[in-house]
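Below is the file protein.txt, which contains compact mmCIF, C-alpha atoms.
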```txt
# COMPACT_ATOMS: atom_id res chain seq x y z
CA MET A 1 -69.14 53.41 -15.36
CA ASP A 2 -67.34 54.59 -18.43
CA LEU A 3 -65.20 51.45 -18.38
CA ALA A 4 -68.31 49.32 -18.53
CA VAL A 5 -69.55 51.33 -21.50
CA GLN A 6 -66.17 51.07 -23.20
CA LEU A 7 -66.10 47.32 -22.64
CA GLY A 8 -69.64 46.97 -23.88
CA LEU A 9 -68.89 48.82 -27.08
CA GLU A 10 -65.59 47.09 -27.76
CA TRP A 11 -66.73 43.53 -27.16
CA GLY A 12 -70.46 43.46 -26.69
CA LEU A 13 -71.42 45.12 -29.94
CA PRO A 14 -69.59 42.77 -32.33
CA ILE A 15 -70.72 39.72 -30.39
CA LEU A 16 -74.30 40.98 -30.36
CA LEU A 17 -74.14 41.58 -34.10
CA LEU A 18 -72.77 38.09 -34.64
CA VAL A 19 -75.53 36.48 -32.59
CA LEU A 20 -78.19 38.57 -34.32
CA ALA A 21 -76.79 37.80 -37.75
CA TYR A 22 -76.63 34.10 -36.98
CA PHE A 23 -80.29 33.92 -36.07
CA THR A 24 -81.60 36.10 -38.87
CA GLY A 25 -79.33 34.45 -41.41
CA THR A 26 -80.44 30.97 -40.38
CA ALA A 27 -84.10 31.97 -40.50
CA VAL A 28 -83.75 33.58 -43.93
CA GLU A 29 -81.90 30.56 -45.28
CA ARG A 30 -84.42 28.09 -43.98
CA SER A 31 -87.39 29.94 -45.43
CA HIS A 32 -85.60 30.38 -48.74
CA TYR A 33 -84.87 26.66 -49.01
CA ARG A 34 -88.52 25.90 -48.27
CA SER A 35 -89.62 28.19 -51.07
CA ILE A 36 -87.02 26.70 -53.43
CA ARG A 37 -88.18 23.14 -52.81
CA VAL A 38 -91.82 24.02 -53.37
CA ARG A 39 -91.09 25.77 -56.64
CA GLU A 40 -88.72 23.07 -57.84
CA ALA A 41 -91.48 20.53 -57.35
CA ARG A 42 -93.88 22.78 -59.24
CA THR A 43 -91.62 23.37 -62.23
CA ARG A 44 -90.11 19.96 -62.50
CA ARG A 45 -92.12 19.04 -65.57
CA MET A 46 -90.29 21.60 -67.71
CA PRO A 47 -87.16 20.02 -69.20
CA THR A 48 -84.08 22.13 -68.68
CA THR A 49 -80.78 20.99 -70.13
CA THR A 50 -77.38 22.30 -70.97
CA GLY A 51 -77.45 20.53 -74.32
CA ARG A 52 -77.23 22.76 -77.36
CA ARG A 53 -79.62 20.90 -79.63
CA VAL A 54 -83.34 20.94 -79.92
CA PRO A 55 -84.62 17.65 -78.62
CA THR A 56 -85.60 15.55 -81.57
CA PRO A 57 -88.24 14.95 -82.84
CA TRP A 58 -89.78 18.13 -81.50
CA ARG A 59 -91.24 20.57 -83.98
CA VAL A 60 -90.35 23.96 -82.54
CA THR A 61 -92.70 26.80 -83.33
CA ASP A 62 -91.16 29.49 -81.16
CA ALA A 63 -87.88 30.12 -79.40
CA GLY A 64 -86.52 32.94 -77.25
CA LEU A 65 -84.04 33.95 -74.63
CA VAL A 66 -85.12 33.30 -71.07
CA ALA A 67 -83.13 34.39 -68.08
CA GLY A 68 -83.37 34.47 -64.33
CA SER A 69 -81.06 36.28 -61.98
CA VAL A 70 -80.75 36.68 -58.24
CA VAL A 71 -78.55 38.77 -55.98
CA ILE A 72 -77.79 37.30 -52.58
CA SER A 73 -75.93 39.05 -49.82
CA LEU A 74 -73.71 37.65 -47.07
CA ASP A 75 -74.71 38.12 -43.49
CA TYR A 76 -72.22 39.22 -40.83
CA PHE A 77 -72.00 35.77 -39.29
CA LYS A 78 -71.16 34.05 -42.60
CA ARG A 79 -68.57 36.69 -43.34
CA PHE A 80 -66.96 36.19 -39.93
CA LEU A 81 -66.79 32.42 -40.40
CA ALA A 82 -65.33 32.87 -43.87
CA GLY A 83 -62.72 35.26 -42.44
CA LEU A 84 -61.64 32.60 -39.94
CA ARG A 85 -61.47 30.07 -42.77
CA GLY A 86 -59.28 32.51 -44.62
CA LEU A 87 -56.64 31.96 -41.93
CA VAL A 88 -56.80 28.21 -41.80
CA GLY A 89 -57.93 27.14 -45.25
CA GLY A 90 -60.39 24.46 -46.23
CA ARG A 91 -63.98 24.42 -47.40
CA VAL A 92 -65.84 27.62 -46.68
CA LYS A 93 -69.03 25.83 -45.72
CA SER A 94 -70.81 29.02 -44.77
CA TYR A 95 -70.64 30.16 -48.39
CA GLU A 96 -71.58 26.79 -49.88
CA SER A 97 -75.19 26.99 -48.82
CA LEU A 98 -75.38 30.59 -49.97
CA LEU A 99 -74.21 29.79 -53.49
CA ASP A 100 -76.31 26.65 -53.69
CA ARG A 101 -79.41 28.69 -52.90
CA ALA A 102 -78.46 31.39 -55.38
CA ARG A 103 -77.91 28.94 -58.24
CA ARG A 104 -81.14 27.10 -57.66
CA GLU A 105 -83.08 30.33 -57.30
CA ALA A 106 -81.67 31.70 -60.55
CA LEU A 107 -82.58 28.51 -62.41
CA LEU A 108 -86.07 28.57 -60.93
CA ARG A 109 -86.61 32.16 -61.99
CA MET A 110 -85.47 31.28 -65.49
CA LYS A 111 -87.93 28.40 -65.64
CA GLU A 112 -90.71 30.58 -64.28
CA GLN A 113 -90.02 33.19 -66.94
CA ALA A 114 -90.01 30.48 -69.60
CA SER A 115 -93.33 29.11 -68.46
CA GLU A 116 -94.84 32.61 -68.36
CA ARG A 117 -93.86 33.11 -71.97
CA GLY A 118 -95.41 29.79 -72.90
CA PHE A 119 -92.26 27.83 -73.56
CA ASP A 120 -92.17 24.12 -72.98
CA ALA A 121 -88.47 23.52 -72.41
CA VAL A 122 -85.25 25.41 -71.97
CA VAL A 123 -82.08 24.28 -73.68
CA ASN A 124 -78.49 25.49 -73.72
CA VAL A 125 -78.69 26.68 -70.13
CA ARG A 126 -75.68 28.59 -68.83
CA LEU A 127 -74.86 30.06 -65.43
CA GLU A 128 -72.85 33.22 -64.83
CA THR A 129 -71.64 34.49 -61.46
CA SER A 130 -70.60 38.02 -60.59
CA ARG A 131 -69.27 39.27 -57.31
CA LEU A 132 -70.60 42.60 -56.15
CA ALA A 133 -67.79 44.56 -54.61
CA SER A 134 -68.33 46.17 -51.26
CA SER A 135 -68.03 49.91 -51.02
CA GLN A 136 -66.58 49.63 -47.53
CA ARG A 137 -63.21 47.98 -47.97
CA GLN A 138 -62.11 49.87 -51.04
CA GLY A 139 -63.80 47.42 -53.32
CA LYS A 140 -62.06 44.41 -51.83
CA GLY A 141 -64.87 43.15 -49.64
CA THR A 142 -67.84 41.21 -50.94
CA ALA A 143 -71.26 42.80 -50.67
CA GLY A 144 -72.99 39.96 -52.42
CA VAL A 145 -73.15 37.61 -55.32
CA GLU A 146 -75.28 37.82 -58.46
CA ILE A 147 -76.05 34.63 -60.34
CA LEU A 148 -77.58 34.75 -63.81
CA ALA A 149 -79.06 31.68 -65.47
CA PHE A 150 -80.01 31.98 -69.13
CA GLY A 151 -80.98 29.70 -71.94
CA THR A 152 -83.11 29.24 -75.00
CA GLY A 153 -86.80 28.64 -74.39
CA LEU A 154 -88.53 26.39 -76.91
CA LYS A 155 -92.22 26.20 -77.73
CA ARG A 156 -93.30 22.94 -79.16
CA ALA A 157 -96.04 22.34 -81.64
CA SER A 158 -98.72 20.39 -79.87
CA MET B 1 -84.64 12.45 -72.63
CA THR B 2 -86.59 11.82 -75.77
CA GLY B 3 -87.39 8.85 -77.86
CA ARG B 4 -88.79 8.24 -81.28
CA ASP B 5 -91.78 6.21 -82.02
CA PRO B 6 -92.19 4.52 -85.39
CA SER B 7 -94.86 6.94 -86.56
CA GLY B 8 -92.57 9.93 -86.11
CA GLY B 9 -94.60 11.51 -83.36
CA PRO B 10 -93.05 12.54 -80.12
CA THR B 11 -92.64 10.04 -77.35
CA GLU B 12 -92.46 11.53 -73.91
CA ARG B 13 -89.74 9.64 -72.09
CA PHE B 14 -88.82 12.62 -70.04
CA GLU B 15 -88.90 11.71 -66.38
CA PRO B 16 -88.92 14.73 -64.17
CA ARG B 17 -86.82 14.14 -61.07
CA LEU B 18 -86.08 16.45 -58.19
CA PRO B 19 -82.38 16.89 -57.38
CA PRO B 20 -81.02 15.06 -54.33
CA ASP B 21 -81.47 17.53 -51.54
CA GLU B 22 -78.58 19.57 -50.19
CA ILE B 23 -75.99 17.74 -52.23
CA ASN B 24 -73.96 20.91 -52.56
CA VAL B 25 -74.18 21.88 -48.93
CA GLY B 26 -72.09 20.27 -46.21
CA PRO B 27 -73.80 18.71 -43.20
CA THR B 28 -71.73 20.60 -40.62
CA HIS B 29 -73.68 22.91 -38.37
CA PRO B 30 -72.26 26.44 -38.62
CA LEU B 31 -72.07 26.82 -34.83
CA SER B 32 -69.92 23.74 -34.44
CA GLU B 33 -67.69 24.98 -37.26
CA LEU B 34 -67.41 28.33 -35.47
CA ALA B 35 -66.46 26.64 -32.20
CA THR B 36 -63.84 24.44 -33.87
CA LEU B 37 -62.27 27.31 -35.78
CA ILE B 38 -62.13 29.65 -32.79
CA ALA B 39 -60.66 26.98 -30.51
CA GLY B 40 -58.08 25.92 -33.08
CA ILE B 41 -56.99 29.45 -33.90
CA ALA B 42 -56.84 30.42 -30.22
CA VAL B 43 -54.60 27.48 -29.36
CA ALA B 44 -52.33 28.12 -32.34
CA THR B 45 -52.02 31.82 -31.48
CA LEU B 46 -51.16 31.10 -27.84
CA VAL B 47 -48.49 28.60 -28.92
CA VAL B 48 -46.94 31.14 -31.29
CA VAL B 49 -47.12 33.95 -28.76
CA GLY B 50 -45.72 31.76 -25.99
CA GLY B 51 -42.88 30.57 -28.19
CA GLY B 52 -42.10 34.11 -29.22
CA ALA B 53 -42.11 35.24 -25.61
CA LEU B 54 -39.58 32.57 -24.65
CA LEU B 55 -37.36 33.61 -27.50
CA VAL B 56 -37.54 37.26 -26.50
CA ASP B 57 -36.78 36.44 -22.87
CA GLY B 58 -33.72 34.52 -23.99
CA VAL B 59 -32.43 37.44 -26.01
CA VAL B 60 -33.20 40.08 -23.39
CA ALA B 61 -31.29 38.16 -20.74
CA HIS B 62 -28.15 38.91 -22.74
CA VAL B 63 -28.76 42.63 -23.06
CA SER B 64 -26.85 44.33 -20.25
CA PRO B 65 -27.90 47.77 -18.94
CA GLU B 66 -24.88 49.34 -20.58
CA LEU B 67 -25.76 47.86 -23.95
CA GLU B 68 -29.34 48.95 -23.47
CA ALA B 69 -28.22 52.51 -22.69
CA ARG B 70 -26.07 52.55 -25.81
CA ILE B 71 -28.87 51.33 -28.06
CA PHE B 72 -31.76 53.37 -26.71
CA GLY B 73 -30.07 56.17 -24.88
CA SER B 74 -29.98 58.53 -27.81
CA LEU B 75 -33.71 58.15 -28.42
CA PHE B 76 -34.72 60.22 -25.42
CA GLU B 77 -31.86 62.66 -25.21
CA ASP B 78 -33.59 65.74 -26.47
CA GLU B 79 -36.81 65.39 -24.46
CA THR B 80 -37.53 68.64 -22.67
CA ASP B 81 -36.96 68.21 -18.98
CA ALA B 82 -39.14 70.29 -16.67
CA SER B 83 -36.74 70.52 -13.75
CA ASP B 84 -38.51 73.40 -12.11
CA VAL B 85 -41.59 71.29 -11.41
CA LEU B 86 -42.64 70.89 -7.79
CA HIS B 87 -40.70 68.16 -5.99
CA ALA B 88 -38.62 67.31 -9.06
CA ASP B 89 -35.39 67.71 -7.12
CA THR B 90 -36.76 65.60 -4.28
CA ALA B 91 -37.54 62.89 -6.78
CA ARG B 92 -34.03 63.04 -8.17
CA ASP B 93 -32.53 62.80 -4.71
CA LEU B 94 -34.74 59.88 -3.83
CA LEU B 95 -33.74 58.04 -6.97
CA SER B 96 -30.03 58.44 -6.24
CA SER B 97 -30.66 57.37 -2.69
CA LEU B 98 -32.50 54.25 -3.78
CA LEU B 99 -29.81 53.45 -6.32
CA ARG B 100 -27.26 53.20 -3.54
CA HIS B 101 -28.75 49.76 -2.92
CA GLU B 102 -28.18 48.79 -6.58
CA PRO B 103 -24.68 50.04 -7.19
CA GLY B 104 -24.29 48.57 -10.64
CA ARG B 105 -27.24 50.44 -12.08
CA ALA B 106 -26.51 53.96 -10.93
CA GLN B 107 -24.63 54.95 -14.06
CA THR B 108 -27.34 53.98 -16.45
CA LEU B 109 -30.47 55.33 -14.78
CA ARG B 110 -31.74 58.90 -14.97
CA LEU B 111 -34.88 60.67 -13.96
CA ARG B 112 -36.98 62.79 -16.27
CA VAL B 113 -40.05 64.79 -15.41
CA ALA B 114 -42.84 65.03 -17.96
CA LEU B 115 -45.41 67.82 -17.92
CA ASP B 116 -48.69 65.96 -17.60
CA ASP B 117 -51.59 66.36 -15.20
CA ASP B 118 -52.24 62.62 -15.10
CA PRO B 119 -50.28 60.99 -12.28
CA ASN B 120 -48.12 58.38 -13.94
CA ALA B 121 -44.63 56.95 -13.99
CA PHE B 122 -42.92 54.66 -16.45
CA ALA B 123 -39.66 53.05 -17.35
CA LEU B 124 -38.25 53.72 -20.80
CA PRO B 125 -35.70 51.54 -22.59
CA GLY B 126 -32.29 53.12 -22.22
CA GLY B 127 -32.53 53.65 -18.49
CA THR B 128 -34.84 56.63 -18.12
CA VAL B 129 -37.44 56.75 -15.39
CA VAL B 130 -40.19 59.21 -16.32
CA VAL B 131 -42.42 60.75 -13.68
CA THR B 132 -45.27 63.12 -14.55
CA SER B 133 -45.79 66.47 -12.90
CA GLY B 134 -49.29 65.31 -11.97
CA LEU B 135 -47.84 62.53 -9.87
CA LEU B 136 -45.38 64.84 -8.15
CA GLU B 137 -48.23 67.17 -7.22
CA GLN B 138 -50.26 64.34 -5.69
CA VAL B 139 -47.65 62.57 -3.54
CA GLU B 140 -47.91 63.23 0.16
CA SER B 141 -44.74 61.70 1.58
CA ARG B 142 -41.23 60.70 0.57
CA ASN B 143 -42.10 57.08 1.24
CA GLU B 144 -44.91 57.17 -1.27
CA LEU B 145 -42.70 58.73 -3.95
CA ALA B 146 -39.93 56.31 -3.10
CA PHE B 147 -42.30 53.39 -3.65
CA VAL B 148 -43.29 54.67 -7.08
CA LEU B 149 -39.65 55.14 -8.09
CA ALA B 150 -38.71 51.76 -6.68
CA HIS B 151 -41.55 50.17 -8.68
CA GLU B 152 -40.06 51.55 -11.88
CA LEU B 153 -36.62 50.34 -10.78
CA GLY B 154 -38.25 46.94 -10.38
CA HIS B 155 -39.24 47.04 -14.04
CA PHE B 156 -35.68 47.78 -15.04
CA GLU B 157 -34.38 45.03 -12.80
CA GLY B 158 -36.67 42.47 -14.36
CA ARG B 159 -35.95 43.88 -17.85
CA HIS B 160 -39.70 44.22 -18.27
CA HIS B 161 -39.56 47.21 -20.54
CA LEU B 162 -37.29 45.45 -22.99
CA ARG B 163 -39.29 42.26 -22.80
CA GLY B 164 -42.53 44.11 -23.48
CA LEU B 165 -41.03 45.87 -26.47
CA GLY B 166 -39.50 42.70 -27.87
CA ARG B 167 -42.68 40.70 -27.39
CA MET B 168 -44.82 43.32 -29.08
CA VAL B 169 -42.51 43.41 -32.08
CA MET B 170 -42.24 39.62 -32.23
CA VAL B 171 -45.98 39.03 -32.02
CA HIS B 172 -46.82 41.60 -34.66
CA LEU B 173 -44.17 40.34 -37.06
CA THR B 174 -45.18 36.72 -36.61
CA LEU B 175 -48.85 37.37 -37.07
CA LEU B 176 -48.16 39.51 -40.09
CA ALA B 177 -46.02 36.80 -41.63
CA LEU B 178 -48.47 33.99 -40.92
CA VAL B 179 -51.73 35.73 -41.51
CA GLY B 180 -50.93 38.41 -44.01
CA ALA B 181 -53.90 40.49 -45.02
CA SER B 182 -56.46 37.75 -45.19
CA GLY B 183 -58.98 39.79 -43.25
CA GLY B 184 -59.20 37.25 -40.46
CA GLU B 185 -56.45 38.68 -38.32
CA ALA B 186 -58.91 40.11 -35.80
CA LEU B 187 -59.12 36.89 -33.79
CA PRO B 188 -55.40 36.07 -33.43
CA THR B 189 -54.61 39.71 -32.69
CA THR B 190 -57.24 39.82 -29.97
CA ILE B 191 -55.98 36.62 -28.38
CA ALA B 192 -52.37 37.77 -28.60
CA SER B 193 -53.19 41.05 -26.89
CA LEU B 194 -55.10 39.25 -24.12
CA ALA B 195 -52.07 37.03 -23.52
CA GLU B 196 -49.86 40.11 -23.54
CA ARG B 197 -51.95 41.77 -20.87
CA GLY B 198 -51.60 38.65 -18.74
CA PHE B 199 -47.80 38.88 -18.97
CA SER B 200 -48.04 42.57 -18.20
CA ARG B 201 -50.08 42.00 -15.04
CA ASP B 202 -47.49 39.50 -13.78
CA GLN B 203 -44.74 42.03 -14.45
CA GLU B 204 -46.57 44.69 -12.47
CA ARG B 205 -46.86 42.31 -9.53
CA GLU B 206 -43.13 41.51 -9.74
CA ALA B 207 -42.26 45.19 -9.76
CA ASP B 208 -44.53 45.82 -6.76
CA ALA B 209 -42.75 43.08 -4.79
CA TYR B 210 -39.32 44.43 -5.70
CA ALA B 211 -40.36 47.95 -4.74
CA LEU B 212 -41.61 46.78 -1.35
CA ALA B 213 -38.27 45.08 -0.60
CA LEU B 214 -36.29 48.14 -1.72
CA LEU B 215 -38.46 50.46 0.37
CA ASN B 216 -37.80 48.29 3.38
CA LEU B 217 -34.04 48.47 2.72
CA GLU B 218 -34.13 52.24 2.43
CA TYR B 219 -36.38 53.19 5.31
CA GLY B 220 -36.51 50.10 7.49
CA HIS B 221 -40.27 49.94 7.09
CA VAL B 222 -42.85 49.90 4.31
CA GLY B 223 -45.33 52.48 5.51
CA GLY B 224 -46.70 54.64 2.73
CA ALA B 225 -46.23 52.05 0.03
CA ASP B 226 -49.88 51.74 -0.88
CA HIS B 227 -50.82 55.39 -0.49
CA PHE B 228 -50.45 56.02 -4.19
CA PHE B 229 -52.78 53.14 -5.03
CA ARG B 230 -55.38 54.28 -2.53
CA LYS B 231 -55.72 57.54 -4.40
CA LEU B 232 -56.43 55.90 -7.75
CA PRO B 233 -60.06 56.13 -8.91
CA ASP B 234 -60.57 52.39 -8.99
CA ALA B 235 -59.24 51.70 -5.49
CA ASP B 236 -62.77 50.62 -4.59
CA ALA B 237 -63.25 48.38 -7.55
CA GLY B 238 -66.80 47.83 -8.61
CA PHE B 239 -68.02 44.82 -10.52
CA ALA B 240 -67.21 46.29 -13.91
CA ARG B 241 -63.60 46.84 -12.95
CA HIS B 242 -63.19 43.29 -11.68
CA ALA B 243 -64.85 41.95 -14.79
CA ALA B 244 -62.48 44.01 -16.88
CA ALA B 245 -59.46 42.81 -14.92
CA TYR B 246 -58.70 40.22 -17.53
CA LEU B 247 -58.51 42.90 -20.18
CA SER B 248 -56.32 45.24 -18.19
CA THR B 249 -52.57 45.67 -18.35
CA HIS B 250 -52.36 46.23 -14.59
CA PRO B 251 -53.82 44.12 -11.83
CA VAL B 252 -56.91 45.54 -10.19
CA THR B 253 -55.80 48.23 -7.75
CA GLU B 254 -57.73 46.68 -4.90
CA SER B 255 -55.78 43.45 -5.27
CA ARG B 256 -52.48 45.34 -5.59
CA ILE B 257 -53.15 46.97 -2.21
CA ALA B 258 -54.07 43.58 -0.76
CA ASP B 259 -50.97 41.95 -2.28
CA LEU B 260 -48.72 44.59 -0.76
CA ALA B 261 -50.23 44.00 2.67
CA GLU B 262 -49.83 40.26 2.22
CA ALA B 263 -46.20 40.57 1.11
CA ALA B 264 -45.41 42.86 4.03
CA ARG B 265 -46.82 40.26 6.40
CA ALA B 266 -44.99 37.39 4.67
CA HIS B 267 -41.58 39.10 4.76
CA GLY B 268 -42.09 40.55 8.18
CA TYR B 269 -41.80 44.16 7.08
CA ARG B 270 -42.90 46.78 9.56
CA VAL B 271 -45.64 49.16 8.47
CA ALA B 272 -44.89 52.42 10.22
CA THR B 273 -47.08 55.50 10.13
CA ASP B 274 -44.43 58.17 10.64
CA LEU B 275 -43.68 59.03 7.07
CA GLU B 276 -41.09 61.51 5.90
CA PRO B 277 -42.46 64.76 4.50
CA LEU B 278 -41.42 66.04 1.09
```
For this file, write the structure as structure tokens.
Amino acid sequence: MDLAVQLGLEWGLPILLLVLAYFTGTAVERSHYRSIRVREARTRRMPTTTGRRVPTPWRVTDAGLVAGSVVISLDYFKRFLAGLRGLVGGRVKSYESLLDRARREALLRMKEQASERGFDAVVNVRLETSRLASSQRQGKGTAGVEILAFGTGLKRAS
Amino acid sequence: MTGRDPSGGPTERFEPRLPPDEINVGPTHPLSELATLIAGIAVATLVVVGGGALLVDGVVAHVSPELEARIFGSLFEDETDASDVLHADTARDLLSSLLRHEPGRAQTLRLRVALDDDPNAFALPGGTVVVTSGLLEQVESRNELAFVLAHELGHFEGRHHLRGLGRMVMVHLTLLALVGASGGEALPTTIASLAERGFSRDQEREADAYALALLNLEYGHVGGADHFFRKLPDADAGFARHAAAYLSTHPVTESRIADLAEAARAHGYRVATDLEPL
């Protein structure tokens, strides 16, 4: 009996966690992408560029800093896949979708803040990424990623 | 994005466009990527482990018992030897008696008794056979004890103890060199240890076969050989034990008992019931 318990703990628990993480991670990702697409469609009329100049011939009556940030965490399944990739090398596809979501979410939040403040466009947009260190592996693991998108919001004279 | 019209007013030429979907995300399904990675790493690990095992076998074949005793002998010299344990002298006599059939090995093999309630016996590099006091308390006949000792002699004969040591060292060094501390060493290590347990089970079967033959030489029959196994807790193996067989270093006890009976039949050994008392 105790052997079955020992086996279960040694093998069953990690596999169960992996399966659980796969399903929850996939569900979370899918619903996040749905939300992102809806909001991107809604905010697409607000110009957002990385250019540093005010679009001519706009007359700008107000300007301000707008920023959006998001913190996204890795799930156990993604981390496991990335660990395997760490042996073999190549594209870590499990992280690609994570970072894609994070970037788009940060930009969306920046646009939403800009539109709340009454701006009509955002220029000079920059993206910054920080890795949040995990407390578990002496700061070497990754608990998550924070992406910050910031730029200058411009209000145009109508 | 913008244009100018002649009057100086703004011309909206801004065309809002949604980005092409999922351009930054690969089309591979994560489950298929998982399957590919696991399969690839498993195959690579088995190749490395298998290659390492062949290398170790090649080296070990050149290590004679005398050389082995010189290298490892000093490691176990100062172990306390509980000679006043029950049946310890009987065990020593039996070992010498068995070694009469292997004249070349007699110089390099010694018996040591370890104080431990768990019945166990093992072969240490350097030529020491260790038997626990727990085992000596549990044996019921000389034949049974002789089988256990002969089993350990079988390990020495097949150089299993050296091979196991060498393989362990080789696998760990290789994995360390190839994988480093990338964090993904869990999978290759698991696969390597599963392979290792497979080798180990084969070695146990070899030692059992050798012990049976030696017992037959010594006593003229093989009665009492499986008595030790019958007393082990998993002699009636349940489902969990069979399921765990692949993870175990020893074959399932039930099949060891069956294998002994089969080998006795195949070699024509007699299974007598009049066993010698201790």
| Could you write out as a PyMOL selection string the residues of chain A within 7 Å of chain B, counting only C-alpha atoms? | chain A and resi 4+41+44-45+55-58+81+83-84+86-87+93-94+96-97+100
| task | Go ahead and find all residues with at least one atom no further than 8 Å from (-88.2, 24.4, -71.7) in the file's coordinates, using all atoms listed in the file; report them as a ChimeraX atom specification. | result | /A:46-48,111,114-115,119-123,152-155
| request: Rank B:Leu153, B:Val63, B:Ala266, B:Ala211 by their smallest atom-to-atom distance to Gly224 (chain B), using only C-alpha atoms, and report the top residue only. | output: B:Ala211
| field | Pairwise distance for CA of Arg256 (chain B) and CA of Glu276 (chain B), rounded to one decimal in Å | value |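 Separating CA of Arg256 (chain B) from CA of Glu276 (chain B) is a distance of 22.9 Å.
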Just need the box for region 17-26 of chain A, edges along x, y and z, holding every atom the file lists for it with 3 Å tacked onto each side, so centre and edge lengths in Å to one decimal, as JSON.
```
{"center_x": -77.2, "center_y": 36.3, "center_z": -37.0, "size_x": 14.8, "size_y": 16.6, "size_z": 14.8}
```
Exercise: Gly198 (chain B) partners within 12 Å, only C-alpha atoms, chain neighbours under 3 positions left out, as a PDB file with C-alpha atoms, in the coordinates of the input:
```pdb
ATOM      1  CA  LEU B  46     -51.160  31.100 -27.840  1.00  0.00           C
ATOM      2  CA  VAL B  49     -47.120  33.950 -28.760  1.00  0.00           C
ATOM      3  CA  GLY B  50     -45.720  31.760 -25.990  1.00  0.00           C
ATOM      4  CA  GLY B 164     -42.530  44.110 -23.480  1.00  0.00           C
ATOM      5  CA  ILE B 191     -55.980  36.620 -28.380  1.00  0.00           C
ATOM      6  CA  ALA B 192     -52.370  37.770 -28.600  1.00  0.00           C
ATOM      7  CA  SER B 193     -53.190  41.050 -26.890  1.00  0.00           C
ATOM      8  CA  LEU B 194     -55.100  39.250 -24.120  1.00  0.00           C
ATOM      9  CA  ALA B 195     -52.070  37.030 -23.520  1.00  0.00           C
ATOM     10  CA  ARG B 201     -50.080  42.000 -15.040  1.00  0.00           C
ATOM     11  CA  ASP B 202     -47.490  39.500 -13.780  1.00  0.00           C
ATOM     12  CA  GLN B 203     -44.740  42.030 -14.450  1.00  0.00           C
ATOM     13  CA  GLU B 204     -46.570  44.690 -12.470  1.00  0.00           C
ATOM     14  CA  ARG B 205     -46.860  42.310  -9.530  1.00  0.00           C
ATOM     15  CA  ALA B 245     -59.460  42.810 -14.920  1.00  0.00           C
ATOM     16  CA  TYR B 246     -58.700  40.220 -17.530  1.00  0.00           C
ATOM     17  CA  LEU B 247     -58.510  42.900 -20.180  1.00  0.00           C
ATOM     18  CA  SER B 248     -56.320  45.240 -18.190  1.00  0.00           C
ATOM     19  CA  THR B 249     -52.570  45.670 -18.350  1.00  0.00           C
ATOM     20  CA  HIS B 250     -52.360  46.230 -14.590  1.00  0.00           C
ATOM     21  CA  PRO B 251     -53.820  44.120 -11.830  1.00  0.00           C
TER      22      PRO B 251
END
```
| query | In terms of the shortest atom-to-atom distance over all atoms listed in the file, which of B:Ala209, B:Ala61, B:Leu162, B:Ala69 is closest to Thr128 (chain B)? | reply |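 Closest residue, counting all atoms listed in the file: B:Ala69.
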| message | Counting all atoms listed in the file, find residues at most 9 Å from (-39.6, 59.3, -12.5) (file frame) and give them as a list in words. | response | Ala88, Ala91, Arg92, Leu95, Arg110, Leu111, Arg112, Val113, Ala114, Asn120, Ala121, Phe122, Ala123, Thr128, Val129, Val130, Val131, Thr132, Val148, Leu149 and Glu152 of chain B
| Near Ile36 (chain A), within 12 Å and counting only C-alpha atoms, which residues show up once chain neighbours fewer than 3 positions away are dropped, as a list in words? |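 The neighbour list is Glu29, Arg30, Ser31, His32, Tyr33, Arg39, Glu40, Ala41, Arg42, Thr43, Arg44, Asp100, Arg101, Ala102, Arg103, Arg104, Glu105, Ala106, Leu107, Leu108 and Arg109 of chain A; Leu18, Pro19, Asp21 and Glu22 of chain B.
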| Which residues come within 7 Å of Ala21 (chain A), counting all atoms listed in the file, excluding same-chain residues fewer than 3 positions away, as JSON, numbers by chain? | {"A": [17, 18, 24, 25, 75, 76, 77]}
Give me a file of those residues, with C-alpha atoms, as a compact mmCIF listing (two decimals), keeping the file's coordinate frame.
```txt
# COMPACT_ATOMS: atom_id res chain seq x y z
CA LEU A 17 -74.14 41.58 -34.10
CA LEU A 18 -72.77 38.09 -34.64
CA THR A 24 -81.60 36.10 -38.87
CA GLY A 25 -79.33 34.45 -41.41
CA ASP A 75 -74.71 38.12 -43.49
CA TYR A 76 -72.22 39.22 -40.83
CA PHE A 77 -72.00 35.77 -39.29
```
| Could you work out how far CA of Gly127 (chain B) lies from CA of Phe156 (chain B), giving the answer in Å with one decimal? | 7.5 Å
